[in-house]
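See below for query-v2.cif, which holds mmCIF, C-alpha atoms and all ligand atoms.
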data_model
#
loop_
_atom_site.label_atom_id
_atom_site.label_comp_id
_atom_site.auth_asym_id
_atom_site.auth_seq_id
_atom_site.Cartn_x
_atom_site.Cartn_y
_atom_site.Cartn_z
CA MET A 71 28.30 -26.45 -10.45
CA ASN A 72 25.12 -24.59 -9.60
CA ILE A 73 24.54 -21.15 -11.00
CA ASN A 74 21.85 -18.60 -10.28
CA CYS A 75 19.70 -16.70 -12.76
CA GLU A 76 22.03 -13.70 -12.88
CA MET A 77 25.02 -15.87 -13.71
CA ALA A 78 23.01 -17.83 -16.27
CA ARG A 79 21.97 -14.64 -18.07
CA ASP A 80 25.54 -13.37 -18.05
CA LEU A 81 26.63 -16.57 -19.74
CA LEU A 82 24.02 -16.47 -22.53
CA PRO A 83 26.00 -14.28 -24.96
CA LEU A 84 29.02 -16.56 -24.59
CA TYR A 85 26.77 -19.59 -24.93
CA LYS A 86 25.34 -18.18 -28.16
CA ASP A 87 28.85 -17.63 -29.54
CA GLY A 88 29.96 -21.10 -28.47
CA CYS A 89 32.64 -19.63 -26.22
CA LEU A 90 31.72 -21.40 -22.99
CA SER A 91 33.84 -24.07 -21.41
CA GLU A 92 32.27 -27.51 -21.24
CA SER A 93 31.58 -27.24 -17.53
CA SER A 94 30.06 -23.75 -17.82
CA GLU A 95 27.86 -24.86 -20.68
CA GLU A 96 26.75 -27.87 -18.69
CA ALA A 97 25.93 -25.66 -15.72
CA LEU A 98 23.98 -23.27 -17.93
CA ARG A 99 22.05 -26.09 -19.58
CA GLY A 100 21.31 -27.54 -16.14
CA HIS A 101 20.00 -24.18 -15.00
CA LEU A 102 17.90 -23.71 -18.13
CA ARG A 103 16.31 -27.14 -17.59
CA THR A 104 15.09 -26.12 -14.17
CA CYS A 105 14.39 -22.43 -14.68
CA PRO A 106 11.53 -21.45 -17.00
CA GLU A 107 12.31 -17.75 -16.45
CA CYS A 108 15.77 -18.10 -17.94
CA ARG A 109 14.47 -20.30 -20.75
CA ARG A 110 12.10 -17.50 -21.70
CA TYR A 111 14.94 -15.02 -21.40
CA LEU A 112 17.03 -17.16 -23.74
CA CYS A 113 14.16 -17.27 -26.26
CA GLU A 114 13.85 -13.49 -26.21
CA TYR A 115 17.57 -13.11 -26.48
CA LYS A 116 17.72 -15.38 -29.53
CA GLU A 117 14.81 -13.47 -31.04
CA ILE A 118 16.63 -10.15 -30.66
CA TRP A 119 19.86 -11.64 -31.94
CA ARG A 120 18.14 -13.03 -35.04
CA ALA A 121 16.40 -9.70 -35.73
CA GLU A 122 19.72 -7.87 -35.51
CA ARG A 123 21.34 -10.29 -37.90
CA THR A 124 18.61 -10.15 -40.53
CA GLU A 125 17.88 -6.42 -40.37
CA PRO A 126 21.03 -4.36 -40.30
CA ARG A 127 20.19 -1.11 -38.52
CA GLU A 128 22.14 1.20 -40.79
CA ALA A 129 21.24 -0.08 -44.23
CA PRO A 130 21.95 2.58 -46.83
CA GLU A 131 19.03 4.37 -48.43
CA GLY A 132 17.68 2.21 -51.24
CA GLY A 133 19.64 -0.79 -50.02
CA TYR A 134 23.05 -2.00 -51.06
CA PRO A 135 22.47 -2.15 -54.86
CA ALA A 136 21.61 1.56 -54.86
CA LEU A 137 24.71 2.31 -52.83
CA ALA A 138 26.89 0.34 -55.26
CA LYS A 139 25.36 2.28 -58.15
CA ARG A 140 26.04 5.62 -56.43
CA LEU A 141 29.64 4.59 -55.78
CA ARG A 142 30.16 3.53 -59.40
CA ARG A 143 28.78 6.84 -60.63
CA HIS A 144 30.99 8.73 -58.20
CA ARG A 145 34.06 6.82 -59.42
CA ALA A 146 33.19 7.49 -63.06
CA LEU A 147 32.86 11.22 -62.35
CA THR A 148 36.16 11.23 -60.50
CA GLU A 149 37.91 9.53 -63.42
CA LEU A 150 36.33 12.02 -65.80
CA GLY A 151 37.56 14.89 -63.65
CA VAL A 152 41.10 13.51 -63.45
CA GLY A 153 41.08 12.98 -67.22
CA ALA A 154 39.98 16.60 -67.79
CA VAL A 155 42.76 17.94 -65.56
CA ILE A 156 45.38 15.84 -67.36
CA ALA A 157 44.06 17.02 -70.74
CA ALA A 158 44.15 20.67 -69.61
CA LEU A 159 47.72 20.33 -68.33
CA GLY A 160 48.72 18.65 -71.57
CA ALA A 161 47.18 21.44 -73.63
CA TYR A 162 48.86 24.11 -71.45
CA ALA A 163 52.26 22.41 -71.83
CA PHE A 164 51.68 22.04 -75.56
CA PHE A 165 50.82 25.71 -76.09
CA ARG A 166 53.72 26.90 -73.94
CA THR A 167 56.08 24.83 -76.03
CA VAL A 168 54.54 26.06 -79.27
CA ARG A 169 54.69 29.73 -78.17
CA LYS A 170 58.36 29.40 -77.15
CA SER A 171 59.33 27.86 -80.44
CA ILE A 172 57.74 30.64 -82.46
ZN ZN A 201 17.14 -18.76 -13.97
#

Step by step, read the file and then write its structure as structure tokens.
Ligand SMILES: [Zn+2]
Amino acid sequence: MNINCEMARDLLPLYKDGCLSESSEEALRGHLRTCPECRRYLCEYKEIWRAERTEPREAPEGGYPALAKRLRRHRALTELGVGAVIAALGAYAFFRTVRKSI
């Protein structure tokens, strides 16, 4: 099977993910052997792919450890708030009961 440059470039993402059939992969490899343009394209493609994998675009400010710290603090404050509400309700119920019994 002979493929042209356009087809070869369309197949590269699938080739990278290992999703090509044996015959398609063979055709792509055959094309890459004879076509320096597509070989260069593949190199650039791999370069971009690697950069995307190693540098996540939307890393949180201060990186992941800082994010984890912020989340822990947020959870602690939430627990504190819930505890305060429960204590207030308990006190209210207690005083209502005390007032009634007097
Ligand atoms: Zn080509």

Report as a PyMOL selection string all protein, DNA and RNA residues lying within 12 Å of A:Arg79, evaluated on only C-alpha atoms, omitting residues in the same chain fewer than 2 positions from it.
chain A and resi 73-77+81-86+97-99+101-102+105+107-115

To one decimal place, how far is atom CA of A:Cys89 from atom CA of A:Lys116 in Å?
15.9 Å

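Straight-line separation from atom CA of A:Ser93 to atom ZN of ligand ZN 201 (chain A): 17.1 Å.
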
First collect every listed atom of stretch 72-75 of chain A; then fit an axis-aligned box around them, widen it by 4 Å on each side, and give centre and edge lengths in Å to one decimal, as JSON.
{"center_x": 22.4, "center_y": -20.6, "center_z": -11.2, "size_x": 13.4, "size_y": 15.9, "size_z": 11.2}

Restricted to C-alpha atoms, what does stretch 83-158 of chain A look like when written out as a PDB file, in the first residue's frame?
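Everything below was put into selection20.pdb:
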ATOM      1  CA  PRO A  83      -1.245  10.491  15.881  1.00  0.00           C
ATOM      2  CA  LEU A  84      -2.555   6.938  15.606  1.00  0.00           C
ATOM      3  CA  TYR A  85       0.965   5.677  15.031  1.00  0.00           C
ATOM      4  CA  LYS A  86       2.128   7.458  18.187  1.00  0.00           C
ATOM      5  CA  ASP A  87      -0.685   5.858  20.192  1.00  0.00           C
ATOM      6  CA  GLY A  88       0.017   2.436  18.717  1.00  0.00           C
ATOM      7  CA  CYS A  89      -3.468   2.274  17.233  1.00  0.00           C
ATOM      8  CA  LEU A  90      -2.531   1.519  13.627  1.00  0.00           C
ATOM      9  CA  SER A  91      -3.193  -1.785  11.967  1.00  0.00           C
ATOM     10  CA  GLU A  92      -0.119  -3.730  10.927  1.00  0.00           C
ATOM     11  CA  SER A  93      -0.576  -2.908   7.265  1.00  0.00           C
ATOM     12  CA  SER A  94      -1.144   0.806   7.927  1.00  0.00           C
ATOM     13  CA  GLU A  95       1.907   0.963  10.141  1.00  0.00           C
ATOM     14  CA  GLU A  96       3.956  -0.782   7.490  1.00  0.00           C
ATOM     15  CA  ALA A  97       2.738   1.672   4.871  1.00  0.00           C
ATOM     16  CA  LEU A  98       3.562   4.617   7.122  1.00  0.00           C
ATOM     17  CA  ARG A  99       7.025   3.272   7.906  1.00  0.00           C
ATOM     18  CA  GLY A 100       7.595   2.692   4.193  1.00  0.00           C
ATOM     19  CA  HIS A 101       6.589   6.263   3.471  1.00  0.00           C
ATOM     20  CA  LEU A 102       8.778   7.652   6.255  1.00  0.00           C
ATOM     21  CA  ARG A 103      11.774   5.746   4.858  1.00  0.00           C
ATOM     22  CA  THR A 104      11.420   7.469   1.515  1.00  0.00           C
ATOM     23  CA  CYS A 105      10.124  10.880   2.560  1.00  0.00           C
ATOM     24  CA  PRO A 106      12.465  13.159   4.527  1.00  0.00           C
ATOM     25  CA  GLU A 107       9.728  15.810   4.780  1.00  0.00           C
ATOM     26  CA  CYS A 108       7.454  13.497   6.720  1.00  0.00           C
ATOM     27  CA  ARG A 109      10.344  12.240   8.845  1.00  0.00           C
ATOM     28  CA  ARG A 110      10.993  15.824   9.878  1.00  0.00           C
ATOM     29  CA  TYR A 111       7.285  16.299  10.499  1.00  0.00           C
ATOM     30  CA  LEU A 112       7.291  13.219  12.728  1.00  0.00           C
ATOM     31  CA  CYS A 113      10.271  14.595  14.687  1.00  0.00           C
ATOM     32  CA  GLU A 114       8.482  17.899  15.262  1.00  0.00           C
ATOM     33  CA  TYR A 115       5.323  16.103  16.192  1.00  0.00           C
ATOM     34  CA  LYS A 116       7.139  13.973  18.775  1.00  0.00           C
ATOM     35  CA  GLU A 117       8.833  17.093  20.110  1.00  0.00           C
ATOM     36  CA  ILE A 118       5.482  18.835  20.624  1.00  0.00           C
ATOM     37  CA  TRP A 119       3.963  15.717  22.133  1.00  0.00           C
ATOM     38  CA  ARG A 120       6.831  15.356  24.611  1.00  0.00           C
ATOM     39  CA  ALA A 121       6.624  19.037  25.593  1.00  0.00           C
ATOM     40  CA  GLU A 122       2.903  18.699  26.243  1.00  0.00           C
ATOM     41  CA  ARG A 123       3.440  15.661  28.392  1.00  0.00           C
ATOM     42  CA  THR A 124       6.196  17.147  30.522  1.00  0.00           C
ATOM     43  CA  GLU A 125       4.749  20.651  30.916  1.00  0.00           C
ATOM     44  CA  PRO A 126       1.074  20.586  31.736  1.00  0.00           C
ATOM     45  CA  ARG A 127      -0.401  23.843  30.449  1.00  0.00           C
ATOM     46  CA  GLU A 128      -2.681  24.523  33.387  1.00  0.00           C
ATOM     47  CA  ALA A 129      -0.463  23.770  36.346  1.00  0.00           C
ATOM     48  CA  PRO A 130      -1.852  25.424  39.459  1.00  0.00           C
ATOM     49  CA  GLU A 131      -0.067  28.440  40.860  1.00  0.00           C
ATOM     50  CA  GLY A 132       2.846  27.262  42.973  1.00  0.00           C
ATOM     51  CA  GLY A 133       2.573  23.753  41.572  1.00  0.00           C
ATOM     52  CA  TYR A 134       0.707  20.779  42.926  1.00  0.00           C
ATOM     53  CA  PRO A 135       2.147  20.755  46.492  1.00  0.00           C
ATOM     54  CA  ALA A 136       0.859  24.303  47.017  1.00  0.00           C
ATOM     55  CA  LEU A 137      -2.536  23.297  45.679  1.00  0.00           C
ATOM     56  CA  ALA A 138      -2.679  20.313  48.045  1.00  0.00           C
ATOM     57  CA  LYS A 139      -1.800  22.605  50.950  1.00  0.00           C
ATOM     58  CA  ARG A 140      -4.544  25.072  49.989  1.00  0.00           C
ATOM     59  CA  LEU A 141      -7.063  22.244  49.755  1.00  0.00           C
ATOM     60  CA  ARG A 142      -6.067  20.861  53.165  1.00  0.00           C
ATOM     61  CA  ARG A 143      -6.435  24.305  54.727  1.00  0.00           C
ATOM     62  CA  HIS A 144      -9.814  24.762  53.062  1.00  0.00           C
ATOM     63  CA  ARG A 145     -10.988  21.393  54.405  1.00  0.00           C
ATOM     64  CA  ALA A 146      -9.785  22.219  57.916  1.00  0.00           C
ATOM     65  CA  LEU A 147     -11.681  25.527  57.839  1.00  0.00           C
ATOM     66  CA  THR A 148     -14.805  23.790  56.586  1.00  0.00           C
ATOM     67  CA  GLU A 149     -14.624  21.232  59.397  1.00  0.00           C
ATOM     68  CA  LEU A 150     -14.116  24.038  61.897  1.00  0.00           C
ATOM     69  CA  GLY A 151     -17.160  25.845  60.521  1.00  0.00           C
ATOM     70  CA  VAL A 152     -19.337  22.728  60.660  1.00  0.00           C
ATOM     71  CA  GLY A 153     -18.150  22.081  64.220  1.00  0.00           C
ATOM     72  CA  ALA A 154     -19.064  25.649  65.242  1.00  0.00           C
ATOM     73  CA  VAL A 155     -22.559  25.327  63.763  1.00  0.00           C
ATOM     74  CA  ILE A 156     -23.138  22.023  65.567  1.00  0.00           C
ATOM     75  CA  ALA A 157     -21.906  23.540  68.840  1.00  0.00           C
ATOM     76  CA  ALA A 158     -24.195  26.566  68.409  1.00  0.00           C
TER      77      ALA A 158
END
